[in-house]
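Enquirer: Following this message is one structure expressed as structure tokens.
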Amino acid sequence: MNNGSQVFISLEDLQRNFDEVKSGLSPADARDESNRCLYCYDAPCIQACPTGINIPSFIKKIASGNLKGSARTIMESNPVGASCARVCPTEELCEGACVLNHSTKPIMIGDLQRFATDWAIKNEQALFERGQKNGLKVAVVGGGPAGLSAARELARFGYEVTIFEAKERAGGLNTYGIVSFRLPERISLWEVKQVEELGVEIKTSTKVGRDIDPAEILEAYDAVILAVGMSKVPMLKIEGEELDGVHDAIRFVEETKTKELTHQYVGKRVAVIGAGNTAIDAATCSVRLGAENVKILYRRTKEEMTAYDFEYEFAKQDNVEFRWLTAPVRIVGDENGVVKQLECIRMELGEPGPDGRRRPVPVEGSEFLLEVDAVIKAIGQTRHTALVEAFGLQHQWGVVKVDLETYQTSNEKIFAAGDVIFGDGQGEAMVVTAAQQGKTAAYAVHQKLRNSMIETA
Amino acid sequence: MADLRINLAGIESPNPFWLASAPPTNSGYQVQRAFEAGWGGAVWKTLGEPIINTTARFAAVSFNGKKVAGFNNIELITDRPLEVNLKEIYETKKRFPNHAIIASLMVEPQREKWHEIVIRVEDVGVDGLELNFGCPHGMAERGMGAASGQQPDLVEAQTMWAKEAARTPVIVKLTPNITDITVTARAAVQGGADAISMINTINSLAGVDIDTWNTIPHVAGKGAHGGYCGPAVKPIALNMVAECARNPLINVPISGIGGISTWKDAVEFMLMGAGGVQVCTAAMHHGFSIVEDMIDGLNNYLDDKGIASVQDLIGKSVERYSDWGNLDLNYRIVARINQDVCINCNKCHIACEDTSHQCIDMLTDPDGNRYLQVREDDCVGCNLCSIVCPEDGAIDMVELPHEQPPMTWNERQTVLAGFKGN
Ligand SMILES: Cc1cc2nc3c(=O)[nH]c(=O)nc-3n(C[C@H](O)[C@H](O)[C@H](O)COP(=O)(O)OP(=O)(O)OC[C@H]3O[C@@H](n4cnc5c(N)ncnc54)[C@H](O)[C@@H]3O)c2cc1C
Ligand SMILES: Cc1cc2nc3c(=O)[nH]c(=O)nc-3n(C[C@H](O)[C@H](O)[C@H](O)COP(=O)(O)O)c2cc1C
Ligand code: SF4
Ligand code: SF4
Ligand code: SF4
């Protein structure tokens with residue numbers, strides 16, 4: 001494959017690389033595993049799930065053969081529970097808290113959660129019903145995990161809910177951002193459908209601030225939930241960033257989920273900059289697109305990396321190379337304006353910064369060149385600051401300020417949930433926390449509007 | 001959402017799941033917690049005298065590492081004074097008017113004693129009475145519980161005495177420690193019982209400690225038989241319910257008890273004729289919250305089958321339960337192994353070879369792959385191979401077309417008698 005020699009990989013083979021990697025539990029596995037759960041009282045696994053799924057209950061229902069009830073228990077607490085079964089860092093959450101860590105091995109909660117929700121998807125079960133209409137209208141801006149969760153809860157309370165979604169389909173990063181071999185689109189789209197079936201209207205391809213004015217929404221609805229997540233990857237602010245072959249990691253992954261795959265990367269050398277989950281997803285995507293060598297460059301060390309352990313292991317298995325304490329300084333192009341090399345510099349860890357993490361500092365004179373065909377930037381996400389300002393909300397660097405109990409913003413009519421309120425130094429943003437915040441914001445909206453209904457009645 | 005309400009001999013409850021008379025129903029605090037968790041009814045821990053606490057009193061049997069396959073106890077009836085129980089029954093009923101509270105009673109076999117206790121418990125507002133003729137230990141020594149439950153005349157007489165005073169429905173709880181439960185069931189019906197419930201616990205010894213040589217459990221180095229319950233007793237209980245349900249002389253509703261742990265168990269008991277079920281061991285093992293899946297699972301099952309009310313299940317399988325003499329002797333099934341599912345453990349082969357009819361061959365195909373095949377002509381369709389097979393779907397028991405017309409043992413005897421007569 002080296003030295004530009006031609007290899008033929010069919011597009012079907014490439015496409016197969018994007019099939020879900022992990023297979024689901026067999027019925028026999030699910031039976032054995034569910035019967036292993038102790039059905040603890042006041043179970044620590046429930047506490048450790050940000051959405052508070054009644055885990056012993058849903059597992060008992062798998063054991064008793066009540067799969068519909070099991071799926072309902074899961075989705076009741078977590079409207080994106082089918083996605084979460086696949087992408088939650090379970091070692092750090094539910095499974096990490098399972099009491100069996102102290103005696104044998106923890107219950108495979110995520111896999112059982114997938115077993116039950118897969119059953120519901122396959123059997124086309126409708127799990128919830130809309131509430132009786134109460135005549136009030138709520139707008140949800142952004143149809144990702146946070147927005148969908150908020151919308152579903154509000155619909156069950158009887159609100160008329162409209163989701164404004166910029167993209168062609170809802171689901172947010174579950175649909176467009178997380179690689180399909182970890183989370184197939186159809187799972188996310190099933191969750192979207194579950195919400196739609198409660199009468200929630202999803203206006204897709206409708207970007208608030210461009211296609212509709214925030215003021216108009218504020219005028220027409222009794223409350224607004226802002227759940228627009230985060231935006232694209234920021235600029236590295238180095239020379240050569242505009243060259244052909246430099247990509248935004250989120251866009252890069254999105255293309256593998258929305259467009260026909262191409263041979264473009266077969267046999268190529270790719271450098272991914274950053275070491276969060278986005279970087280890992282971009283790197284493993286590159287491998288699956290046929291890239292010959294994929295490196296992740298990170299200016300700090302493995303200890304500071306924000307990717308989950310399971311993601312890191314996954315990338316290692318895909319033969320992704322990790323270059324710690326390495327920062328890019330310049331991207332070099334050829335005569336056609338196509339990426340050719342990446343100049344890097346070695347770093348060392350200095351004094352701790354304000355976030356407590358030791359700051360990387362460049363080692364003078366340690367610059368070196370890497371031969372690369374593509375550079376993928378995965379150094380975090382920027383904010384929808386303009387939109388936040390258009391809604392007139394207080395924020396810090398685009399992170400919307402909220403009351404941490406109700407998720408109410410500085411405008412009492414607007415609540416915010418999900419990545420849009422996710423601040424610095426809080427580890428990595430997660431689907432499951434976005435879902436929980438969406439629910440909480442919905443309850444707060446309900447509380448507020450119900451009170452006002454009583455007052456005016 | 002199916003209608004889960006039941007009406008058992010006039011006792012109504014929001015769902016068919018009642019707690020059986022046992023430690024879970026020992027106090028108002030417990031029964032109220034149970035109702036909050038979703039239980040539809042509770043049979044209060046048997047009232048009576050005297051108050052005696054034995055230590056130790058429970059033991060359980062694990063099966064291959066699974067805890068509480070069966071449960072054994074030597075506990076007696078309530079350990080609290082009658083007045084306290086009556087007060088708490090009253091308070092509980094007031095807080096939960098729509099839930100069923102049944103008082104379980106056990107007194108000496110004397111007419112006045114039965115009248116007295118019936119009047120006192122009905123005064124506090126119970127929905128029904130359950131006469132405990134079934135406790136296998138302690139009480140029997142004094143002619144109460146199982147001892148009286150084993151004597152049909154005593155069952156009939158005591159039921160009658162209770163009925164003389166009772167204004168609410170009377171359920172007679174039967175002991176399984178008897179050769180033919182339909183005999184005592186009929187006695188209860190003759191005594192005027194409005195319903196019967198079964199089973200109470202089965203005489204048992206949970207085990208012997210092979211190091212100390214003590215019984216399990218033991219009381220200061222001595223043991224006595226206890227009562228067995230939990231998952232292990234379910235088939236015994238189910239048969240007893242079915243035998244009573246199909247007996248035309250036992251024409252009263254049945255409350256099914258014994259080893260019920262899930263909604264599926266409850267469905268089975270109801271199909272076999274139970275109008276509702278009672279649970280003890282499963283609640284003792286996991287707490288009251290297990291009723292949530294029982295209700296939810298039952299509801300989903302009924303919805304799935306398009307059945308509007310749980311009461312439509314009652315007795316639907318009874319007509320399929322009969323005497324051996326009525327089974328079709330010319331019905332044939334044989335085992336068939338699905339090679340693509342089989343994992344080649346050879347357990348079916350050795351089970352058949354050593355302990356059945358030597359008809360599963362271990363073969364090797366031209367490519368050297370080993371496989372198993374049933375010689376169907378020799379297979380007697382006993383099911384053993386499919387029972388020991390660890391893989392779901394590896395062995396199908398398939399029906400063969402009748403070679404001869406259906407014929408039962410009883411029909412055969414009639415035909416033979418006809419020949420002899422000629
Ligand atoms: C590559 C990658 C991998 C990840 N892996 C994991 C993982 O393994 N596990 C995990 O738990 N989390 C993971 N995450 C994080 C997780 O995806 C997010 O935390 C989560 O999606 C946040 O949900 P949200 O609803 O707040 O935002 P989003 O999912 O970003 O949804 C926001 C929605 O708002 C829409 N929108 C934006 N602006 C507008 C507008 N102006 N008008 C209308 N609509 C608008 C967007 O189109 C989008 O649909 C990953 C993230 C990325 C990028
Ligand atoms: C510890 C214990 C105490 C019991 N005490 C009584 C009792 O006081 N009165 C009674 O009628 N049955 C009593 N039973 C029997 C139960 O009510 C029930 O019939 C039996 O346990 C079978 O049901 P299960 O398999 O669900 O446990 C007791 C059972 C146990 C385990
Ligand atoms: S949602 Fe995530 S954390 Fe919660 S139980 Fe499921 S896998 Fe675990
Ligand atoms: S802690 Fe573990 S064993 Fe206990 S209920 Fe949760 S998953 Fe089951
Ligand atoms: S017991 Fe089942 S799995 Fe084992 S060899 Fe027989 S058919 Fe195959």
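Residue names in the structure tokens use chain letters A, B, ... in the order shown, residue numbers from 1 in each chain, and ligand numbers from 1 in the order shown.
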Find the residues of chain A in contact range of chain B, meaning any atom within 8 Å when counting only C-alpha atoms, and list them as a PyMOL selection string.
Expert: chain A and resi 28+39+57+60-61+64-66+68-69
Enquirer: Could you write those residues out with C-alpha atoms, as a CSV table (one decimal), in the first residue's frame?
Expert:
chain,number,residue,atom,x,y,z
A,28,ALA,CA,-29.1,-16.2,25.2
A,39,TYR,CA,-31.9,-6.2,41.4
A,57,SER,CA,-36.2,-2.6,36.7
A,60,LYS,CA,-35.6,-7.5,35.5
A,61,LYS,CA,-38.0,-6.9,32.6
A,64,SER,CA,-39.0,-11.8,32.7
A,65,GLY,CA,-39.5,-11.5,28.9
A,66,ASN,CA,-41.3,-8.1,29.2
A,68,LYS,CA,-41.7,-3.7,25.7
A,69,GLY,CA,-41.8,-2.8,29.4
Enquirer: May I ask you to write as a count of residues only all residues lying at most 12 Å from ligand 5, with only C-alpha atoms and all ligand atoms counted?
Expert: 43
Enquirer: Using only C-alpha atoms and all ligand atoms, determine which residues fall within 6 Å of ligand 2, then list them as a ChimeraX atom specification.
Expert: /B:20-23,45-46,73,75,77,132,199-201,229-230,257-260,279-281
Enquirer: Quick one: write out the picked residues with N, CA, C and O atoms as a PDB file, in the first residue's frame?
Expert:
ATOM      1  N   ALA B  20     -49.196 -13.115  49.778  1.00  0.00           N
ATOM      2  CA  ALA B  20     -49.720 -14.232  50.561  1.00  0.00           C
ATOM      3  C   ALA B  20     -49.497 -13.959  52.045  1.00  0.00           C
ATOM      4  O   ALA B  20     -48.647 -13.157  52.431  1.00  0.00           O
ATOM      5  N   SER B  21     -50.279 -14.636  52.848  1.00  0.00           N
ATOM      6  CA  SER B  21     -50.154 -14.500  54.295  1.00  0.00           C
ATOM      7  C   SER B  21     -48.794 -15.035  54.728  1.00  0.00           C
ATOM      8  O   SER B  21     -48.527 -16.235  54.611  1.00  0.00           O
ATOM      9  N   ALA B  22     -47.933 -14.167  55.197  1.00  0.00           N
ATOM     10  CA  ALA B  22     -46.544 -14.530  55.494  1.00  0.00           C
ATOM     11  C   ALA B  22     -45.833 -13.281  56.013  1.00  0.00           C
ATOM     12  O   ALA B  22     -46.470 -12.232  56.157  1.00  0.00           O
ATOM     13  N   PRO B  23     -44.529 -13.343  56.258  1.00  0.00           N
ATOM     14  CA  PRO B  23     -43.834 -12.173  56.807  1.00  0.00           C
ATOM     15  C   PRO B  23     -44.084 -10.855  56.052  1.00  0.00           C
ATOM     16  O   PRO B  23     -44.170  -9.802  56.698  1.00  0.00           O
ATOM     17  N   LYS B  45     -50.823 -11.631  57.568  1.00  0.00           N
ATOM     18  CA  LYS B  45     -50.155 -12.726  58.282  1.00  0.00           C
ATOM     19  C   LYS B  45     -51.142 -13.357  59.269  1.00  0.00           C
ATOM     20  O   LYS B  45     -51.821 -12.645  60.013  1.00  0.00           O
ATOM     21  N   THR B  46     -51.220 -14.693  59.239  1.00  0.00           N
ATOM     22  CA  THR B  46     -52.255 -15.400  60.003  1.00  0.00           C
ATOM     23  C   THR B  46     -52.377 -14.919  61.456  1.00  0.00           C
ATOM     24  O   THR B  46     -51.390 -14.896  62.200  1.00  0.00           O
ATOM     25  N   ASN B  73     -39.194 -22.707  55.768  1.00  0.00           N
ATOM     26  CA  ASN B  73     -39.328 -21.971  57.028  1.00  0.00           C
ATOM     27  C   ASN B  73     -39.974 -22.812  58.108  1.00  0.00           C
ATOM     28  O   ASN B  73     -40.747 -23.733  57.826  1.00  0.00           O
ATOM     29  N   GLU B  75     -41.372 -20.969  60.683  1.00  0.00           N
ATOM     30  CA  GLU B  75     -41.986 -19.861  61.417  1.00  0.00           C
ATOM     31  C   GLU B  75     -43.434 -20.209  61.742  1.00  0.00           C
ATOM     32  O   GLU B  75     -44.089 -20.976  61.059  1.00  0.00           O
ATOM     33  N   ILE B  77     -47.379 -18.489  63.126  1.00  0.00           N
ATOM     34  CA  ILE B  77     -48.256 -17.433  62.629  1.00  0.00           C
ATOM     35  C   ILE B  77     -47.816 -16.091  63.220  1.00  0.00           C
ATOM     36  O   ILE B  77     -46.695 -15.969  63.680  1.00  0.00           O
ATOM     37  N   ASN B 132     -56.658 -20.651  57.415  1.00  0.00           N
ATOM     38  CA  ASN B 132     -55.366 -21.302  57.235  1.00  0.00           C
ATOM     39  C   ASN B 132     -55.412 -22.702  57.811  1.00  0.00           C
ATOM     40  O   ASN B 132     -55.200 -22.901  58.996  1.00  0.00           O
ATOM     41  N   ILE B 199     -51.070 -23.235  47.045  1.00  0.00           N
ATOM     42  CA  ILE B 199     -50.823 -24.153  48.133  1.00  0.00           C
ATOM     43  C   ILE B 199     -50.139 -23.418  49.286  1.00  0.00           C
ATOM     44  O   ILE B 199     -49.507 -22.381  49.068  1.00  0.00           O
ATOM     45  N   ASN B 200     -50.282 -23.989  50.453  1.00  0.00           N
ATOM     46  CA  ASN B 200     -49.422 -23.582  51.543  1.00  0.00           C
ATOM     47  C   ASN B 200     -48.103 -24.343  51.359  1.00  0.00           C
ATOM     48  O   ASN B 200     -47.882 -24.965  50.316  1.00  0.00           O
ATOM     49  N   THR B 201     -47.237 -24.301  52.334  1.00  0.00           N
ATOM     50  CA  THR B 201     -45.893 -24.858  52.119  1.00  0.00           C
ATOM     51  C   THR B 201     -45.875 -26.380  52.238  1.00  0.00           C
ATOM     52  O   THR B 201     -46.745 -26.983  52.861  1.00  0.00           O
ATOM     53  N   CYS B 229     -41.336 -23.585  49.856  1.00  0.00           N
ATOM     54  CA  CYS B 229     -42.057 -22.729  48.909  1.00  0.00           C
ATOM     55  C   CYS B 229     -41.035 -22.115  47.951  1.00  0.00           C
ATOM     56  O   CYS B 229     -39.883 -22.505  47.949  1.00  0.00           O
ATOM     57  N   GLY B 230     -41.438 -21.144  47.145  1.00  0.00           N
ATOM     58  CA  GLY B 230     -40.513 -20.537  46.189  1.00  0.00           C
ATOM     59  C   GLY B 230     -40.554 -21.239  44.838  1.00  0.00           C
ATOM     60  O   GLY B 230     -41.328 -22.187  44.647  1.00  0.00           O
ATOM     61  N   ILE B 257     -51.363 -20.060  44.502  1.00  0.00           N
ATOM     62  CA  ILE B 257     -50.171 -19.707  45.300  1.00  0.00           C
ATOM     63  C   ILE B 257     -49.118 -20.791  45.123  1.00  0.00           C
ATOM     64  O   ILE B 257     -49.461 -21.972  45.045  1.00  0.00           O
ATOM     65  N   GLY B 258     -47.860 -20.358  45.091  1.00  0.00           N
ATOM     66  CA  GLY B 258     -46.781 -21.331  45.090  1.00  0.00           C
ATOM     67  C   GLY B 258     -45.769 -21.084  43.995  1.00  0.00           C
ATOM     68  O   GLY B 258     -45.995 -21.429  42.838  1.00  0.00           O
ATOM     69  N   GLY B 259     -44.673 -20.429  44.355  1.00  0.00           N
ATOM     70  CA  GLY B 259     -43.576 -20.255  43.408  1.00  0.00           C
ATOM     71  C   GLY B 259     -43.798 -19.205  42.351  1.00  0.00           C
ATOM     72  O   GLY B 259     -43.081 -19.162  41.352  1.00  0.00           O
ATOM     73  N   ILE B 260     -44.765 -18.345  42.527  1.00  0.00           N
ATOM     74  CA  ILE B 260     -45.019 -17.323  41.514  1.00  0.00           C
ATOM     75  C   ILE B 260     -44.011 -16.179  41.685  1.00  0.00           C
ATOM     76  O   ILE B 260     -43.942 -15.560  42.736  1.00  0.00           O
ATOM     77  N   VAL B 279     -48.379 -14.219  46.338  1.00  0.00           N
ATOM     78  CA  VAL B 279     -46.920 -14.325  46.240  1.00  0.00           C
ATOM     79  C   VAL B 279     -46.301 -14.102  47.608  1.00  0.00           C
ATOM     80  O   VAL B 279     -46.699 -13.183  48.322  1.00  0.00           O
ATOM     81  N   CYS B 280     -45.335 -14.927  47.948  1.00  0.00           N
ATOM     82  CA  CYS B 280     -44.593 -14.693  49.192  1.00  0.00           C
ATOM     83  C   CYS B 280     -43.092 -14.655  48.937  1.00  0.00           C
ATOM     84  O   CYS B 280     -42.446 -13.634  49.080  1.00  0.00           O
ATOM     85  N   THR B 281     -42.518 -15.783  48.506  1.00  0.00           N
ATOM     86  CA  THR B 281     -41.053 -15.876  48.426  1.00  0.00           C
ATOM     87  C   THR B 281     -40.435 -14.814  47.516  1.00  0.00           C
ATOM     88  O   THR B 281     -39.421 -14.202  47.866  1.00  0.00           O
TER      89      THR B 281
END
Enquirer: From a DSSP calculation on the backbone, collect every residue of range 298-395 of chain A in strand (DSSP E) and output the set as an NGL selection string.
Expert: :A and (321-323 or 326-333 or 339-352 or 358-362 or 368-371 or 374-377 or 395)
Enquirer: If you keep N, CA and C atoms, can you produce a file of those selected residues as a CSV table (one decimal), in the first residue's frame?
Expert:
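Saved to again-v4.csv:
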chain,number,residue,atom,x,y,z
A,321,GLU,N,-2.1,6.0,15.5
A,321,GLU,CA,-0.8,6.3,16.2
A,321,GLU,C,-1.1,7.6,17.1
A,322,PHE,N,-0.6,7.5,18.3
A,322,PHE,CA,-0.8,8.7,19.1
A,322,PHE,C,0.6,9.4,19.3
A,323,ARG,N,0.6,10.7,19.0
A,323,ARG,CA,1.9,11.5,19.3
A,323,ARG,C,1.5,12.5,20.3
A,326,THR,N,2.8,17.1,21.2
A,326,THR,CA,3.2,17.5,19.8
A,326,THR,C,2.1,18.5,19.4
A,327,ALA,N,2.6,19.7,18.9
A,327,ALA,CA,1.7,20.7,18.5
A,327,ALA,C,2.0,21.2,17.1
A,328,PRO,N,1.0,21.5,16.3
A,328,PRO,CA,1.2,21.9,14.9
A,328,PRO,C,1.6,23.4,14.9
A,329,VAL,N,2.6,23.7,14.0
A,329,VAL,CA,2.9,25.2,13.9
A,329,VAL,C,2.6,25.7,12.5
A,330,ARG,N,2.6,24.9,11.5
A,330,ARG,CA,2.5,25.4,10.1
A,330,ARG,C,2.1,24.2,9.2
A,331,ILE,N,1.1,24.5,8.3
A,331,ILE,CA,0.8,23.5,7.3
A,331,ILE,C,1.4,23.9,6.0
A,332,VAL,N,2.1,23.0,5.4
A,332,VAL,CA,2.8,23.3,4.1
A,332,VAL,C,2.1,22.7,2.9
A,333,GLY,N,1.9,23.5,1.9
A,333,GLY,CA,1.2,23.0,0.7
A,333,GLY,C,2.1,22.9,-0.5
A,339,VAL,N,-2.3,20.2,0.7
A,339,VAL,CA,-1.5,19.9,1.9
A,339,VAL,C,-0.4,18.9,1.5
A,340,LYS,N,0.8,19.1,2.0
A,340,LYS,CA,1.9,18.2,1.7
A,340,LYS,C,2.6,17.8,3.0
A,341,GLN,N,2.8,18.8,3.9
A,341,GLN,CA,3.5,18.5,5.1
A,341,GLN,C,2.9,19.3,6.3
A,342,LEU,N,3.2,18.8,7.5
A,342,LEU,CA,2.7,19.5,8.7
A,342,LEU,C,4.0,19.7,9.5
A,343,GLU,N,4.2,21.0,9.8
A,343,GLU,CA,5.3,21.2,10.7
A,343,GLU,C,4.8,21.2,12.2
A,344,CYS,N,5.5,20.5,13.0
A,344,CYS,CA,5.1,20.4,14.4
A,344,CYS,C,6.2,20.8,15.3
A,345,ILE,N,5.9,21.0,16.6
A,345,ILE,CA,6.9,21.3,17.6
A,345,ILE,C,6.6,20.4,18.8
A,346,ARG,N,7.7,20.0,19.5
A,346,ARG,CA,7.5,19.2,20.7
A,346,ARG,C,7.2,20.1,21.8
A,347,MET,N,6.4,19.6,22.8
A,347,MET,CA,6.0,20.4,24.0
A,347,MET,C,6.5,19.7,25.2
A,348,GLU,N,6.5,20.5,26.3
A,348,GLU,CA,6.6,19.8,27.6
A,348,GLU,C,5.6,20.5,28.6
A,349,LEU,N,5.3,19.8,29.7
A,349,LEU,CA,4.3,20.3,30.6
A,349,LEU,C,4.9,21.2,31.6
A,350,GLY,N,4.4,22.4,31.7
A,350,GLY,CA,4.9,23.4,32.6
A,350,GLY,C,4.0,23.6,33.8
A,351,GLU,N,3.9,24.8,34.3
A,351,GLU,CA,3.1,25.1,35.5
A,351,GLU,C,1.6,24.9,35.2
A,352,PRO,N,0.8,24.5,36.2
A,352,PRO,CA,-0.6,24.4,36.0
A,352,PRO,C,-1.3,25.7,35.6
A,358,ARG,N,-1.7,21.1,33.8
A,358,ARG,CA,-0.4,21.6,33.5
A,358,ARG,C,-0.4,22.1,32.1
A,359,ARG,N,0.1,23.3,31.9
A,359,ARG,CA,0.2,23.9,30.6
A,359,ARG,C,1.3,23.4,29.7
A,360,PRO,N,1.0,23.1,28.5
A,360,PRO,CA,2.1,22.6,27.6
A,360,PRO,C,2.9,23.8,27.1
A,361,VAL,N,4.2,23.7,27.1
A,361,VAL,CA,5.0,24.8,26.6
A,361,VAL,C,5.9,24.2,25.5
A,362,PRO,N,6.2,25.0,24.4
A,362,PRO,CA,7.0,24.5,23.3
A,362,PRO,C,8.4,24.3,23.8
A,368,PHE,N,9.8,19.8,13.7
A,368,PHE,CA,10.0,18.8,12.7
A,368,PHE,C,8.9,18.7,11.7
A,369,LEU,N,9.1,18.0,10.6
A,369,LEU,CA,8.1,18.0,9.6
A,369,LEU,C,7.5,16.6,9.4
A,370,LEU,N,6.2,16.5,9.3
A,370,LEU,CA,5.5,15.2,9.0
A,370,LEU,C,5.0,15.3,7.6
A,371,GLU,N,5.2,14.2,6.8
A,371,GLU,CA,4.6,14.1,5.5
A,371,GLU,C,3.2,13.7,5.6
A,374,ALA,N,-3.5,14.9,4.5
A,374,ALA,CA,-4.7,15.6,5.0
A,374,ALA,C,-4.4,16.0,6.5
A,375,VAL,N,-5.0,17.1,6.9
A,375,VAL,CA,-4.9,17.5,8.3
A,375,VAL,C,-6.4,17.7,8.8
A,376,ILE,N,-6.7,17.1,9.9
A,376,ILE,CA,-8.1,17.2,10.4
A,376,ILE,C,-8.0,17.9,11.7
A,377,LYS,N,-8.8,19.0,11.8
A,377,LYS,CA,-8.7,19.8,13.1
A,377,LYS,C,-9.9,19.3,14.0
A,395,HIS,N,-24.2,35.6,28.5
A,395,HIS,CA,-23.3,34.4,28.2
A,395,HIS,C,-21.9,34.7,28.5
Enquirer: Dump the neighbourhood of ligand 3 as an MDAnalysis selection string: all residues within 7 Å, distances computed on only C-alpha atoms and all ligand atoms.
Expert: chainID A and resid 48:53 55 78 81 84:85 88 90 93:95 109:110 113 432
Enquirer: May I ask which of the residues B:Gly38, B:Pro176, B:Gly134, B:Pro109 is the closest one to Asn15 in chain B, counting only C-alpha atoms?
Expert: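 The shortest atom-to-atom distance to Asn15 in chain B comes from B:Gly38.
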Enquirer: Applying 8 Å and only C-alpha atoms, which residues near Gly192 in chain B remain after dropping the ones on its own chain fewer than 4 positions away? List them as a PyMOL selection string.
Expert: chain B and resi 156+159-160+163+188
Enquirer: Would you name the residues within 7 Å of ligand 4, counting only C-alpha atoms and all ligand atoms, and put them as a list in words?
Expert: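 Sorted by chain and then by number, the residues are Cys37, Leu38, Tyr39, Cys40, Ala43, Pro44, Cys45, Ile46, Ile55, Pro56, Glu95, Ala97, Cys98, Val99, Leu100, Pro106, Ile107 and Ile109 of chain A.
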Enquirer: Those selected residues, please, written with N, CA and C atoms and delivered as a JSON list (two decimals), in the first residue's frame.
Expert:
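Output saved as out-v9.json:
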[["chain", "number", "residue", "atom", "x", "y", "z"],
["A", 37, "CYS", "N", -27.97, -9.82, 37.19],
["A", 37, "CYS", "CA", -28.18, -8.57, 37.94],
["A", 37, "CYS", "C", -28.87, -8.89, 39.26],
["A", 38, "LEU", "N", -28.40, -8.24, 40.32],
["A", 38, "LEU", "CA", -28.92, -8.57, 41.66],
["A", 38, "LEU", "C", -30.24, -7.89, 41.98],
["A", 39, "TYR", "N", -30.67, -6.97, 41.15],
["A", 39, "TYR", "CA", -31.89, -6.19, 41.44],
["A", 39, "TYR", "C", -31.70, -5.48, 42.79],
["A", 40, "CYS", "N", -30.64, -4.72, 42.86],
["A", 40, "CYS", "CA", -30.30, -4.03, 44.12],
["A", 40, "CYS", "C", -31.39, -3.04, 44.49],
["A", 43, "ALA", "N", -30.27, 1.24, 44.06],
["A", 43, "ALA", "CA", -29.08, 0.78, 43.34],
["A", 43, "ALA", "C", -28.16, 1.93, 42.93],
["A", 44, "PRO", "N", -26.86, 1.77, 43.16],
["A", 44, "PRO", "CA", -25.91, 2.83, 42.80],
["A", 44, "PRO", "C", -25.84, 3.09, 41.29],
["A", 45, "CYS", "N", -26.16, 2.07, 40.50],
["A", 45, "CYS", "CA", -26.12, 2.27, 39.05],
["A", 45, "CYS", "C", -27.14, 3.34, 38.63],
["A", 46, "ILE", "N", -28.28, 3.38, 39.31],
["A", 46, "ILE", "CA", -29.31, 4.37, 38.97],
["A", 46, "ILE", "C", -28.77, 5.77, 39.25],
["A", 55, "ILE", "N", -32.44, 1.11, 36.34],
["A", 55, "ILE", "CA", -31.68, 0.04, 35.70],
["A", 55, "ILE", "C", -32.11, -1.35, 36.19],
["A", 56, "PRO", "N", -32.18, -1.59, 37.53],
["A", 56, "PRO", "CA", -32.63, -2.93, 37.94],
["A", 56, "PRO", "C", -34.00, -3.28, 37.36],
["A", 95, "GLU", "N", -22.08, 1.43, 34.73],
["A", 95, "GLU", "CA", -21.35, 0.18, 34.96],
["A", 95, "GLU", "C", -20.22, 0.37, 35.96],
["A", 97, "ALA", "N", -20.46, 2.04, 38.53],
["A", 97, "ALA", "CA", -21.04, 2.08, 39.87],
["A", 97, "ALA", "C", -21.64, 0.74, 40.28],
["A", 98, "CYS", "N", -21.74, -0.20, 39.35],
["A", 98, "CYS", "CA", -22.41, -1.48, 39.66],
["A", 98, "CYS", "C", -21.70, -2.16, 40.84],
["A", 99, "VAL", "N", -22.50, -2.64, 41.79],
["A", 99, "VAL", "CA", -21.93, -3.26, 43.00],
["A", 99, "VAL", "C", -21.10, -4.51, 42.67],
["A", 100, "LEU", "N", -21.37, -5.11, 41.53],
["A", 100, "LEU", "CA", -20.64, -6.33, 41.20],
["A", 100, "LEU", "C", -19.18, -6.06, 40.83],
["A", 106, "PRO", "N", -18.89, -6.17, 36.55],
["A", 106, "PRO", "CA", -20.13, -5.39, 36.49],
["A", 106, "PRO", "C", -21.08, -5.93, 35.42],
["A", 107, "ILE", "N", -22.36, -5.65, 35.62],
["A", 107, "ILE", "CA", -23.37, -6.00, 34.63],
["A", 107, "ILE", "C", -23.15, -5.15, 33.38],
["A", 109, "ILE", "N", -24.59, -3.11, 31.45],
["A", 109, "ILE", "CA", -25.82, -2.34, 31.42],
["A", 109, "ILE", "C", -26.08, -1.74, 30.03]]
Enquirer: Collect all residues with atoms no farther than 6 Å from ligand 1, counting only C-alpha atoms and all ligand atoms, and output them as a VMD selection string.
Expert: chain A and resid 87 to 88 141 to 147 164 to 167 170 to 174 177 to 178 206 to 209 227 to 230 250 277 to 278 281 418 to 420 429 to 432 434
Enquirer: Give the answer as one residue: which of B:Ala308, B:Ile171, B:Ile314, B:Ala100 has the shortest atom-to-atom distance to Glu268 in chain B, using only C-alpha atoms?
Expert: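 The answer is B:Ile314, which sits nearest to Glu268 in chain B.
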